[in-house]
$ cat upload-v2.txt   # compact mmCIF, C-alpha atoms (C1' of nucleotides)
# COMPACT_ATOMS: atom_id res chain seq x y z
CA MET I 1 54.06 -138.51 80.29
CA THR I 2 52.49 -141.89 80.86
CA GLN I 3 54.44 -144.92 79.70
CA GLN I 4 51.79 -145.10 77.03
CA ASP I 5 51.80 -148.84 76.45
CA TRP I 6 48.08 -148.85 75.81
CA PRO I 7 47.61 -152.61 75.33
CA THR I 8 49.24 -153.33 78.65
CA GLN I 9 47.36 -150.54 80.38
CA LEU I 10 44.07 -151.82 79.04
CA ARG I 11 44.75 -155.38 80.16
CA GLU I 12 45.85 -154.23 83.59
CA ARG I 13 42.43 -152.64 84.07
CA GLY I 14 40.61 -155.68 82.83
CA LEU I 15 39.69 -154.21 79.47
CA ARG I 16 40.16 -156.06 76.23
CA VAL I 17 42.47 -154.60 73.62
CA THR I 18 40.55 -153.46 70.57
CA ARG I 19 41.44 -151.36 67.59
CA GLN I 20 38.82 -148.77 68.49
CA ARG I 21 40.08 -148.37 72.04
CA LEU I 22 43.65 -148.01 70.85
CA ALA I 23 42.60 -145.47 68.25
CA VAL I 24 40.61 -143.45 70.77
CA LEU I 25 43.46 -143.48 73.27
CA GLU I 26 45.82 -142.38 70.55
CA ALA I 27 43.51 -139.60 69.38
CA VAL I 28 42.88 -138.28 72.87
CA HIS I 29 46.58 -138.43 73.68
CA ALA I 30 47.58 -136.62 70.50
CA GLN I 31 44.95 -133.92 70.82
CA PRO I 32 43.50 -133.57 74.29
CA HIS I 33 40.49 -131.48 75.35
CA ARG I 34 38.30 -132.39 72.43
CA PRO I 35 34.66 -133.47 72.61
CA ALA I 36 33.53 -136.98 71.64
CA GLU I 37 32.30 -135.81 68.28
CA SER I 38 35.73 -134.47 67.40
CA VAL I 39 37.52 -137.55 68.68
CA HIS I 40 35.26 -139.55 66.46
CA SER I 41 36.22 -137.70 63.30
CA THR I 42 39.88 -138.29 64.02
CA VAL I 43 39.43 -141.95 64.81
CA ALA I 44 37.20 -142.40 61.77
CA GLU I 45 40.14 -141.62 59.52
CA GLN I 46 41.63 -144.98 60.43
CA LEU I 47 38.45 -146.83 61.35
CA PRO I 48 35.79 -145.53 58.98
CA ASP I 49 33.14 -147.83 60.41
CA ILE I 50 33.38 -146.67 64.01
CA THR I 51 30.22 -144.96 65.20
CA VAL I 52 29.94 -141.93 67.41
CA GLN I 53 28.09 -143.99 69.98
CA SER I 54 30.99 -146.43 70.15
CA VAL I 55 33.34 -143.54 70.75
CA TYR I 56 31.08 -142.41 73.58
CA THR I 57 31.09 -145.91 75.02
CA VAL I 58 34.85 -146.24 74.71
CA LEU I 59 35.44 -142.82 76.26
CA HIS I 60 33.10 -143.73 79.09
CA ASP I 61 34.80 -147.07 79.74
CA LEU I 62 38.30 -145.63 79.59
CA SER I 63 37.27 -142.87 81.99
CA ALA I 64 35.76 -145.41 84.38
CA LYS I 65 39.11 -147.20 84.50
CA ASP I 66 41.07 -143.95 84.78
CA LEU I 67 42.93 -144.45 81.55
CA ILE I 68 41.62 -141.08 80.51
CA ARG I 69 40.14 -138.18 82.42
CA ARG I 70 36.91 -136.46 81.55
CA PHE I 71 36.63 -132.72 81.85
CA ASP I 72 33.33 -130.83 81.65
CA PRO I 73 33.80 -127.26 80.45
CA PRO I 74 30.94 -125.11 81.73
CA GLY I 75 28.16 -125.13 79.19
CA ALA I 76 30.04 -127.16 76.59
CA ALA I 77 30.50 -130.77 75.62
CA ALA I 78 32.67 -132.99 77.77
CA CYS I 79 36.25 -133.42 76.66
CA TYR I 80 39.00 -135.87 77.47
CA GLU I 81 42.71 -136.12 78.18
CA THR I 82 45.23 -138.85 78.93
CA ARG I 83 46.95 -136.82 81.63
CA THR I 84 45.49 -138.55 84.65
CA GLU I 85 48.31 -138.73 87.17
CA ASP I 86 48.21 -135.25 88.65
CA ASN I 87 45.27 -133.07 89.61
CA HIS I 88 45.98 -130.27 87.22
CA HIS I 89 43.53 -127.56 86.23
CA HIS I 90 42.30 -125.92 83.06
CA ALA I 91 42.15 -122.53 81.40
CA ILE I 92 39.44 -121.84 78.85
CA CYS I 93 39.48 -119.07 76.31
CA THR I 94 36.10 -117.37 76.53
CA ARG I 95 36.33 -116.41 72.89
CA CYS I 96 37.42 -119.49 70.96
CA GLY I 97 36.91 -122.17 73.59
CA ARG I 98 40.51 -123.31 73.50
CA ILE I 99 41.51 -125.26 76.61
CA GLU I 100 44.98 -125.36 78.10
CA ASP I 101 46.32 -127.35 80.99
CA VAL I 102 47.29 -125.42 84.08
CA ASP I 103 49.68 -126.93 86.56
CA CYS I 104 48.65 -126.63 90.15
CA VAL I 105 48.82 -123.06 91.28
CA HIS I 106 50.92 -121.65 94.13
CA GLY I 107 53.43 -124.45 93.99
CA GLU I 108 51.33 -126.54 96.35
CA ALA I 109 47.81 -127.82 95.93
CA PRO I 110 46.33 -124.43 96.69
CA CYS I 111 42.64 -124.47 96.25
CA LEU I 112 42.38 -127.80 97.96
CA GLU I 113 42.20 -125.86 101.18
CA ALA I 114 38.48 -125.71 101.58
CA PRO I 115 37.07 -123.41 104.20
CA ALA I 116 36.87 -125.17 107.53
CA SER I 117 33.48 -123.61 108.09
CA LEU I 118 32.02 -125.78 105.38
CA GLY I 119 29.87 -128.75 106.31
CA MET I 120 31.52 -130.83 103.65
CA SER I 121 34.63 -132.97 103.65
CA ILE I 122 36.46 -132.03 100.48
CA ASP I 123 38.23 -134.57 98.31
CA VAL I 124 39.27 -132.55 95.30
CA ALA I 125 39.08 -129.05 93.94
CA ASP I 126 38.84 -128.31 90.27
CA VAL I 127 39.80 -124.87 89.11
CA VAL I 128 38.67 -123.44 85.82
CA PHE I 129 40.35 -120.26 84.67
CA ARG I 130 38.63 -118.15 82.08
CA GLY I 131 40.21 -115.51 79.93
CA LEU I 132 41.59 -114.82 76.50
CA CYS I 133 44.21 -116.94 74.81
CA ALA I 134 47.12 -115.24 73.10
CA ALA I 135 45.68 -115.72 69.63
CA CYS I 136 42.31 -114.27 70.56
CA ARG I 137 43.78 -111.29 72.34
CA GLN I 138 45.64 -110.57 69.14
CA THR I 139 42.62 -111.03 66.93
CA GLN I 140 40.40 -108.98 69.20
CA ALA I 141 42.74 -106.03 69.05
CA GLU I 142 42.49 -106.08 65.28
CA SER I 143 39.06 -107.32 64.21
CA PRO I 144 36.38 -107.47 66.90
CA ALA I 145 34.34 -109.80 64.70
CA SER I 146 34.60 -113.48 63.76
CA VAL I 147 35.68 -116.20 66.13
CA ALA I 148 38.32 -118.66 65.05
CA ALA I 149 38.31 -122.33 65.97
CA MET U 1 22.34 -109.69 100.05
CA THR U 2 21.05 -107.79 97.09
CA GLN U 3 18.55 -105.04 97.73
CA GLN U 4 16.14 -107.38 96.06
CA ASP U 5 13.82 -104.85 94.52
CA TRP U 6 13.26 -107.01 91.48
CA PRO U 7 11.03 -104.63 89.49
CA THR U 8 13.57 -101.85 89.75
CA GLN U 9 16.45 -104.17 88.97
CA LEU U 10 14.65 -105.47 85.91
CA ARG U 11 13.90 -102.00 84.60
CA GLU U 12 17.45 -100.86 85.22
CA ARG U 13 18.66 -103.58 82.90
CA GLY U 14 16.11 -102.77 80.27
CA LEU U 15 13.90 -105.75 80.96
CA ARG U 16 10.16 -105.49 81.35
CA VAL U 17 8.59 -106.50 84.60
CA THR U 18 6.50 -109.62 84.21
CA ARG U 19 4.93 -112.01 86.65
CA GLN U 20 6.98 -114.91 85.35
CA ARG U 21 10.27 -113.06 85.73
CA LEU U 22 9.40 -112.00 89.25
CA ALA U 23 8.34 -115.52 90.13
CA VAL U 24 11.54 -117.00 88.71
CA LEU U 25 13.68 -114.46 90.54
CA GLU U 26 11.84 -115.23 93.74
CA ALA U 27 12.18 -118.98 93.30
CA VAL U 28 15.87 -118.81 92.49
CA HIS U 29 16.48 -116.47 95.39
CA ALA U 30 14.60 -118.65 97.86
CA GLN U 31 16.21 -121.90 96.73
CA PRO U 32 19.42 -121.42 94.79
CA HIS U 33 21.37 -124.10 92.88
CA ARG U 34 18.41 -125.76 91.31
CA PRO U 35 18.04 -126.76 87.65
CA ALA U 36 15.50 -125.10 85.35
CA GLU U 37 13.15 -128.04 85.63
CA SER U 38 12.99 -127.63 89.40
CA VAL U 39 12.60 -123.88 89.24
CA HIS U 40 9.70 -124.47 86.93
CA SER U 41 7.84 -126.70 89.37
CA THR U 42 8.16 -124.07 92.07
CA VAL U 43 7.08 -121.23 89.84
CA ALA U 44 4.21 -123.31 88.46
CA GLU U 45 2.59 -123.35 91.89
CA GLN U 46 1.75 -119.68 91.42
CA LEU U 47 1.70 -119.54 87.64
CA PRO U 48 0.26 -122.87 86.51
CA ASP U 49 0.41 -121.91 82.85
CA ILE U 50 4.11 -121.16 82.69
CA THR U 51 6.01 -123.53 80.46
CA VAL U 52 9.42 -125.02 81.05
CA GLN U 53 10.67 -123.33 77.92
CA SER U 54 9.62 -119.95 79.27
CA VAL U 55 11.53 -120.68 82.44
CA TYR U 56 14.56 -121.48 80.32
CA THR U 57 14.12 -118.26 78.40
CA VAL U 58 13.66 -116.20 81.55
CA LEU U 59 16.67 -117.81 83.22
CA HIS U 60 18.70 -117.13 80.12
CA ASP U 61 17.64 -113.49 79.91
CA LEU U 62 18.18 -112.83 83.60
CA SER U 63 21.63 -114.42 83.36
CA ALA U 64 22.48 -112.29 80.36
CA LYS U 65 21.69 -109.18 82.38
CA ASP U 66 23.53 -110.48 85.43
CA LEU U 67 20.45 -110.51 87.61
CA ILE U 68 21.19 -114.15 88.27
CA ARG U 69 24.27 -116.25 87.82
CA ARG U 70 24.37 -119.56 86.03
CA PHE U 71 26.47 -122.38 87.40
CA ASP U 72 27.24 -125.55 85.46
CA PRO U 73 27.95 -128.48 87.75
CA PRO U 74 30.16 -130.98 85.92
CA GLY U 75 27.97 -133.50 84.15
CA ALA U 76 24.68 -132.14 85.52
CA ALA U 77 22.03 -129.64 84.56
CA ALA U 78 22.80 -125.94 84.89
CA CYS U 79 21.60 -124.26 88.06
CA TYR U 80 21.10 -120.67 89.12
CA GLU U 81 21.58 -118.26 92.01
CA THR U 82 20.87 -114.63 92.76
CA ARG U 83 24.21 -114.11 94.47
CA THR U 84 25.99 -112.28 91.72
CA GLU U 85 28.05 -109.62 93.43
CA ASP U 86 31.07 -111.63 94.54
CA ASN U 87 32.97 -114.33 92.73
CA HIS U 88 32.30 -117.07 95.19
CA HIS U 89 32.79 -120.77 94.53
CA HIS U 90 30.87 -123.99 94.99
CA ALA U 91 31.12 -127.31 96.77
CA ILE U 92 29.27 -130.30 95.36
CA CYS U 93 28.48 -133.44 97.26
CA THR U 94 29.54 -136.33 95.04
CA ARG U 95 26.87 -138.51 96.58
CA CYS U 96 23.65 -136.49 96.65
CA GLY U 97 24.59 -133.62 94.37
CA ARG U 98 23.92 -130.99 97.00
CA ILE U 99 25.60 -127.68 96.21
CA GLU U 100 26.84 -125.20 98.78
CA ASP U 101 28.34 -121.79 98.33
CA VAL U 102 31.97 -121.38 99.26
CA ASP U 103 33.34 -117.97 100.01
CA CYS U 104 36.60 -117.16 98.37
CA VAL U 105 39.37 -119.23 99.80
CA HIS U 106 42.50 -117.95 101.56
CA GLY U 107 40.92 -114.67 102.51
CA GLU U 108 41.96 -113.15 99.23
CA ALA U 109 41.01 -114.13 95.71
CA PRO U 110 43.37 -117.08 95.79
CA CYS U 111 43.10 -119.08 92.66
CA LEU U 112 42.92 -115.98 90.57
CA GLU U 113 46.67 -116.08 90.48
CA ALA U 114 47.10 -117.88 87.23
CA PRO U 115 50.54 -119.17 86.39
CA ALA U 116 52.53 -116.52 84.61
CA SER U 117 53.80 -119.13 82.18
CA LEU U 118 50.36 -119.41 80.67
CA GLY U 119 49.67 -117.93 77.28
CA MET U 120 46.32 -116.70 78.48
CA SER U 121 45.23 -113.55 80.21
CA ILE U 122 42.97 -114.72 83.01
CA ASP U 123 39.81 -112.88 83.98
CA VAL U 124 38.22 -115.17 86.53
CA ALA U 125 38.79 -118.49 88.21
CA ASP U 126 35.97 -120.76 89.20
CA VAL U 127 36.66 -123.39 91.81
CA VAL U 128 34.53 -126.45 92.25
CA PHE U 129 35.11 -128.48 95.39
CA ARG U 130 33.92 -132.06 95.47
CA GLY U 131 33.40 -134.17 98.53
CA LEU U 132 30.76 -135.48 100.90
CA CYS U 133 28.25 -133.30 102.64
CA ALA U 134 27.60 -133.84 106.32
CA ALA U 135 24.36 -135.72 105.75
CA CYS U 136 25.91 -138.11 103.25
CA ARG U 137 28.94 -138.81 105.38
CA GLN U 138 26.51 -139.79 108.12
CA THR U 139 24.40 -141.94 105.84
CA GLN U 140 27.39 -143.58 104.23
CA ALA U 141 28.75 -144.71 107.57
CA GLU U 142 25.46 -146.45 108.26
CA SER U 143 23.95 -147.70 105.01
CA PRO U 144 26.22 -147.74 101.97
CA ALA U 145 23.19 -148.03 99.72
CA SER U 146 20.54 -145.56 98.58
CA VAL U 147 21.18 -141.96 97.77
CA ALA U 148 19.01 -139.26 99.29
CA ALA U 149 17.98 -136.16 97.43
C1' DG L 1 33.64 -171.29 73.12
C1' DT L 2 32.57 -167.80 76.17
C1' DT L 3 32.33 -163.11 77.27
C1' DT L 4 33.12 -158.58 76.03
C1' DT L 5 32.63 -154.90 72.42
C1' DT L 6 30.97 -152.94 68.62
C1' DG L 7 27.58 -151.34 65.16
C1' DC L 8 23.15 -149.91 64.56
C1' DA L 9 19.00 -147.66 66.04
C1' DA L 10 16.17 -145.61 69.04
C1' DA L 11 15.45 -143.10 73.38
C1' DT L 12 16.42 -139.68 76.69
C1' DG L 13 17.51 -135.26 78.90
C1' DA L 14 18.76 -130.56 78.65
C1' DT L 15 18.32 -126.66 76.17
C1' DT L 16 17.42 -123.64 72.09
C1' DT L 17 14.62 -121.76 68.38
C1' DG L 18 10.52 -120.00 65.51
C1' DC L 19 6.36 -118.04 65.35
C1' DA L 20 1.86 -116.01 66.67
C1' DT L 21 -0.68 -114.27 70.58
C1' DG L 22 -0.87 -111.74 74.86
C1' DG L 23 0.99 -108.37 77.99
C1' DA L 24 3.98 -104.37 79.54
C1' DT L 25 5.19 -99.75 78.61
C1' DA K 1 -0.04 -98.34 69.87
C1' DT K 2 4.34 -100.40 70.01
C1' DC K 3 7.43 -103.67 71.09
C1' DC K 4 8.80 -107.19 74.16
C1' DA K 5 7.72 -111.61 76.39
C1' DT K 6 5.23 -115.73 76.76
C1' DG K 7 2.92 -120.03 75.32
C1' DC K 8 3.19 -123.57 72.27
C1' DA K 9 5.58 -126.74 69.33
C1' DA K 10 9.28 -128.49 67.09
C1' DA K 11 14.23 -128.87 66.61
C1' DT K 12 18.82 -129.53 68.18
C1' DC K 13 22.72 -131.13 70.75
C1' DA K 14 25.10 -134.24 73.89
C1' DT K 15 24.73 -138.51 75.65
C1' DT K 16 22.77 -143.05 77.10
C1' DT K 17 20.55 -147.45 76.32
C1' DG K 18 19.02 -152.05 74.13
C1' DC K 19 19.98 -155.65 71.29
C1' DA K 20 22.12 -158.73 67.87
C1' DA K 21 26.39 -159.54 65.31
C1' DA K 22 31.52 -159.50 65.50
C1' DA K 23 35.74 -159.66 67.81
C1' DA K 24 39.01 -160.72 71.79
C1' DC K 25 40.35 -163.92 75.09
$ encode --input "upload-v2.txt" --output "C-alpha cells"
Amino acid sequence: MTQQDWPTQLRERGLRVTRQRLAVLEAVHAQPHRPAESVHSTVAEQLPDITVQSVYTVLHDLSAKDLIRRFDPPGAAACYETRTEDNHHHAICTRCGRIEDVDCVHGEAPCLEAPASLGMSIDVADVVFRGLCAACRQTQAESPASVAA
Amino acid sequence: MTQQDWPTQLRERGLRVTRQRLAVLEAVHAQPHRPAESVHSTVAEQLPDITVQSVYTVLHDLSAKDLIRRFDPPGAAACYETRTEDNHHHAICTRCGRIEDVDCVHGEAPCLEAPASLGMSIDVADVVFRGLCAACRQTQAESPASVAA
DNA sequence: GTTTTTGCAAATGATTTGCATGGAT
DNA sequence: ATCCATGCAAATCATTTGCAAAAAC
C-alpha cells in the first residue's frame, strides 16, 4: 500500500518521469510477480513501440532505486513487485509457477535468526516456500495431466 | 555424510556408471556450490575431452535422481552439492558470492511453518541468508575496493 | 540546451536440445 | 547386442550492452 504517486516517487529518486516508466510501474503494481517478458506485453498494449530491452532497462533502474523489488524464483525468470516496504517472502506453486506473497512467518522476523556458528554477518533472509496452490491441488486430484498457467 | 559409494548409488537409481559421472560426483562432493562451468574445469583435469554440455547433462541427470542437489542463487548460475539428505539452507556473501551451508534454524524445521492463511499447501521452505562473510568484512574495513573470489 | 532515456541491434551468459558415435551392461 | 551416455554443434532463453535519435528537465 504505497502512496503510489509514481511521478513524485520517480523524481524523489532522481529519475525522470517517462511514459514507459509509469506504464511499467503500473503494470508491475497491477500484476506483481511477472517476468520482464510478460510485463512488456502488458505495457505494449498502451505503448506499442516499447521494446523488451527498454522494459528490462526500466525494471533494472526502478529496482536500483527501490521503487520496485526484484525476486528471482529458483530456475525461472526474474519477476518484480511494487511491495518494497517490508521484507515479506514468497510461495511458489511447483506445478503452475504461481507466486504468492507470504507475510513474515512466526509473527516476528523468524528466519532472520541466522545460526551464531556461521562465519557470516547476516543482513537479510529470503524464504521461498514451495508447494501446490489451491487450484493445482484441485486439478491434480482430477486430471494428473496438463498444467495451467 | 553420504556413504559415497558412487557406483552403487548410480546403479540403484538406474543410471549407468561412467567416468564422467563419477568425476562430476567427485568434483561436486569435494567442492560444493560451484556452477557447471567451474565443475567442468575441475573434471577436465582428469577427463580433458569432456564438454561443458556433458557436464550440464550429467548435473541435470544426477539432480533428477537426487544424487546431487541443485541450488539457484538469486541472479547467479546454478550450483550443486552432494548433501541431499537434509533440507539445509544457504548463506551467500553479497560481496564475493561465497556460499555456505546453514543447518536448519531454530533447532527444528522453522520456516516450514507456512502461514495457515495461505491458499497453498507447503512442501518445503528454502531459506537464503545474505550478508558478508568473514573475509569480506575484513577486507571491506580495510579497502572498500576490489572484490576477491 | 543539456542530460537522461528510449529504440534498435547485437552480444553475452547460462542452459537445453538433436543427432550420431562410443561406451556400459 | 542393446540401449544409454557422451561429444559435438546448434538453438534457445533471459538479460546486458553500445550507440544514435527522441524526450524530459
$ residues_around --input "upload-v2.txt" --residues "DA10 of chain K" --least-positions-apart "2" --cutoff "10 Å" --atoms "all atoms listed in the file" --output "list in words"
DT17 and DG18 of chain L; DC8 and DT12 of chain K
$ write_last_selection --input "upload-v2.txt" --atoms "C-alpha atoms (C1' of nucleotides)" --output "PDB file, in the coordinates of the input"
ATOM      1  C1'  DT L  17      14.620-121.760  68.380  1.00  0.00           C
ATOM      2  C1'  DG L  18      10.520-120.000  65.510  1.00  0.00           C
TER       3       DG L  18
ATOM      4  C1'  DC K   8       3.190-123.570  72.270  1.00  0.00           C
ATOM      5  C1'  DT K  12      18.820-129.530  68.180  1.00  0.00           C
TER       6       DT K  12
END
$ interface_residues --input "upload-v2.txt" --of "chain I" --to "chain L" --cutoff "8 Å" --atoms "all atoms listed in the file" --output "VMD selection string"
chain I and resid 16 50 to 51 54
$ atom_distance --input "upload-v2.txt" --atom1 "atom CA of Leu67 of chain U" --atom2 "atom CA of Val124 of chain U"
18.4 Å
$ residues_near_point --input "upload-v2.txt" --point "(4.3, -106.1, 85.1)" --cutoff "12 Å" --atoms "all atoms listed in the file" --output "list in words"
Trp6, Pro7, Thr8, Leu10, Arg11, Leu15, Arg16, Val17, Thr18, Arg19, Gln20, Arg21, Leu22 and Ala23 of chain U; DG23, DA24 and DT25 of chain L; DC4 and DA5 of chain K
$ closest_residue --input "upload-v2.txt" --among "I:Gln140, I:Pro74, I:Glu100, I:Arg95" --to "chain U" --atoms "all atoms listed in the file"
I:Pro74
$ interface_residues --input "upload-v2.txt" --of "chain I" --to "chain U" --cutoff "7 Å" --atoms "all atoms listed in the file" --output "short mmCIF file (atom, residue, chain, number, x, y, z; two decimals) with C-alpha atoms, in the frame of the given file"
data_model
loop_
_atom_site.label_atom_id
_atom_site.label_comp_id
_atom_site.auth_asym_id
_atom_site.auth_seq_id
_atom_site.Cartn_x
_atom_site.Cartn_y
_atom_site.Cartn_z
CA ASP I 72 33.33 -130.83 81.65
CA PRO I 74 30.94 -125.11 81.73
CA GLY I 75 28.16 -125.13 79.19
CA VAL I 105 48.82 -123.06 91.28
CA CYS I 111 42.64 -124.47 96.25
CA ALA I 114 38.48 -125.71 101.58
CA PRO I 115 37.07 -123.41 104.20
CA GLY I 119 29.87 -128.75 106.31
CA MET I 120 31.52 -130.83 103.65
CA SER I 121 34.63 -132.97 103.65
CA ILE I 122 36.46 -132.03 100.48
CA ASP I 123 38.23 -134.57 98.31
CA VAL I 124 39.27 -132.55 95.30
CA ALA I 125 39.08 -129.05 93.94
CA ASP I 126 38.84 -128.31 90.27
CA VAL I 127 39.80 -124.87 89.11
CA VAL I 128 38.67 -123.44 85.82
CA PHE I 129 40.35 -120.26 84.67
CA ARG I 130 38.63 -118.15 82.08
CA GLY I 131 40.21 -115.51 79.93
CA LEU I 132 41.59 -114.82 76.50
CA CYS I 133 44.21 -116.94 74.81
CA ALA I 134 47.12 -115.24 73.10
#
$ residues_around --input "upload-v2.txt" --residues "His29 of chain U" --least-positions-apart "4" --cutoff "8 Å" --atoms "all atoms listed in the file" --output "PyMOL selection string"
chain U and resi 25+81-82
$ closest_residue --input "upload-v2.txt" --among "U:Val43, U:Ala30, U:Ala36, U:Val55" --to "chain K" --atoms "only C-alpha atoms (C1' of nucleotides)"
U:Val55
$ atom_distance --input "upload-v2.txt" --atom1 "atom C1' of DA1 of chain K" --atom2 "atom CA of Leu62 of chain U"
27.0 Å
$ decode --input "upload-v2.txt" --residues "chain K" --atoms "C-alpha atoms (C1' of nucleotides)" --output "short mmCIF file (atom, residue, chain, number, x, y, z; two decimals), in the first residue's frame"
data_model
loop_
_atom_site.label_atom_id
_atom_site.label_comp_id
_atom_site.auth_asym_id
_atom_site.auth_seq_id
_atom_site.Cartn_x
_atom_site.Cartn_y
_atom_site.Cartn_z
"C1'" DA K 1 23.94 -56.92 -28.92
"C1'" DT K 2 21.26 -53.44 -26.88
"C1'" DC K 3 20.44 -49.27 -25.05
"C1'" DC K 4 22.18 -45.42 -22.63
"C1'" DA K 5 25.52 -41.62 -22.44
"C1'" DT K 6 28.74 -38.63 -24.44
"C1'" DG K 7 30.80 -35.45 -27.85
"C1'" DC K 8 29.74 -32.13 -30.96
"C1'" DA K 9 27.05 -28.39 -32.73
"C1'" DA K 10 23.39 -25.50 -32.91
"C1'" DA K 11 19.46 -23.41 -30.67
"C1'" DT K 12 17.09 -21.13 -27.03
"C1'" DC K 13 16.10 -18.19 -23.19
"C1'" DA K 14 16.99 -14.37 -20.07
"C1'" DT K 15 19.47 -10.46 -19.83
"C1'" DT K 16 23.05 -6.88 -20.77
"C1'" DT K 17 25.47 -3.57 -23.61
"C1'" DG K 18 26.57 0.14 -27.26
"C1'" DC K 19 25.13 3.78 -29.85
"C1'" DA K 20 22.31 7.33 -32.12
"C1'" DA K 21 17.78 9.54 -32.03
"C1'" DA K 22 13.99 11.32 -29.05
"C1'" DA K 23 12.21 13.02 -24.91
"C1'" DA K 24 12.38 15.26 -20.16
"C1'" DC K 25 14.18 18.80 -17.49
#
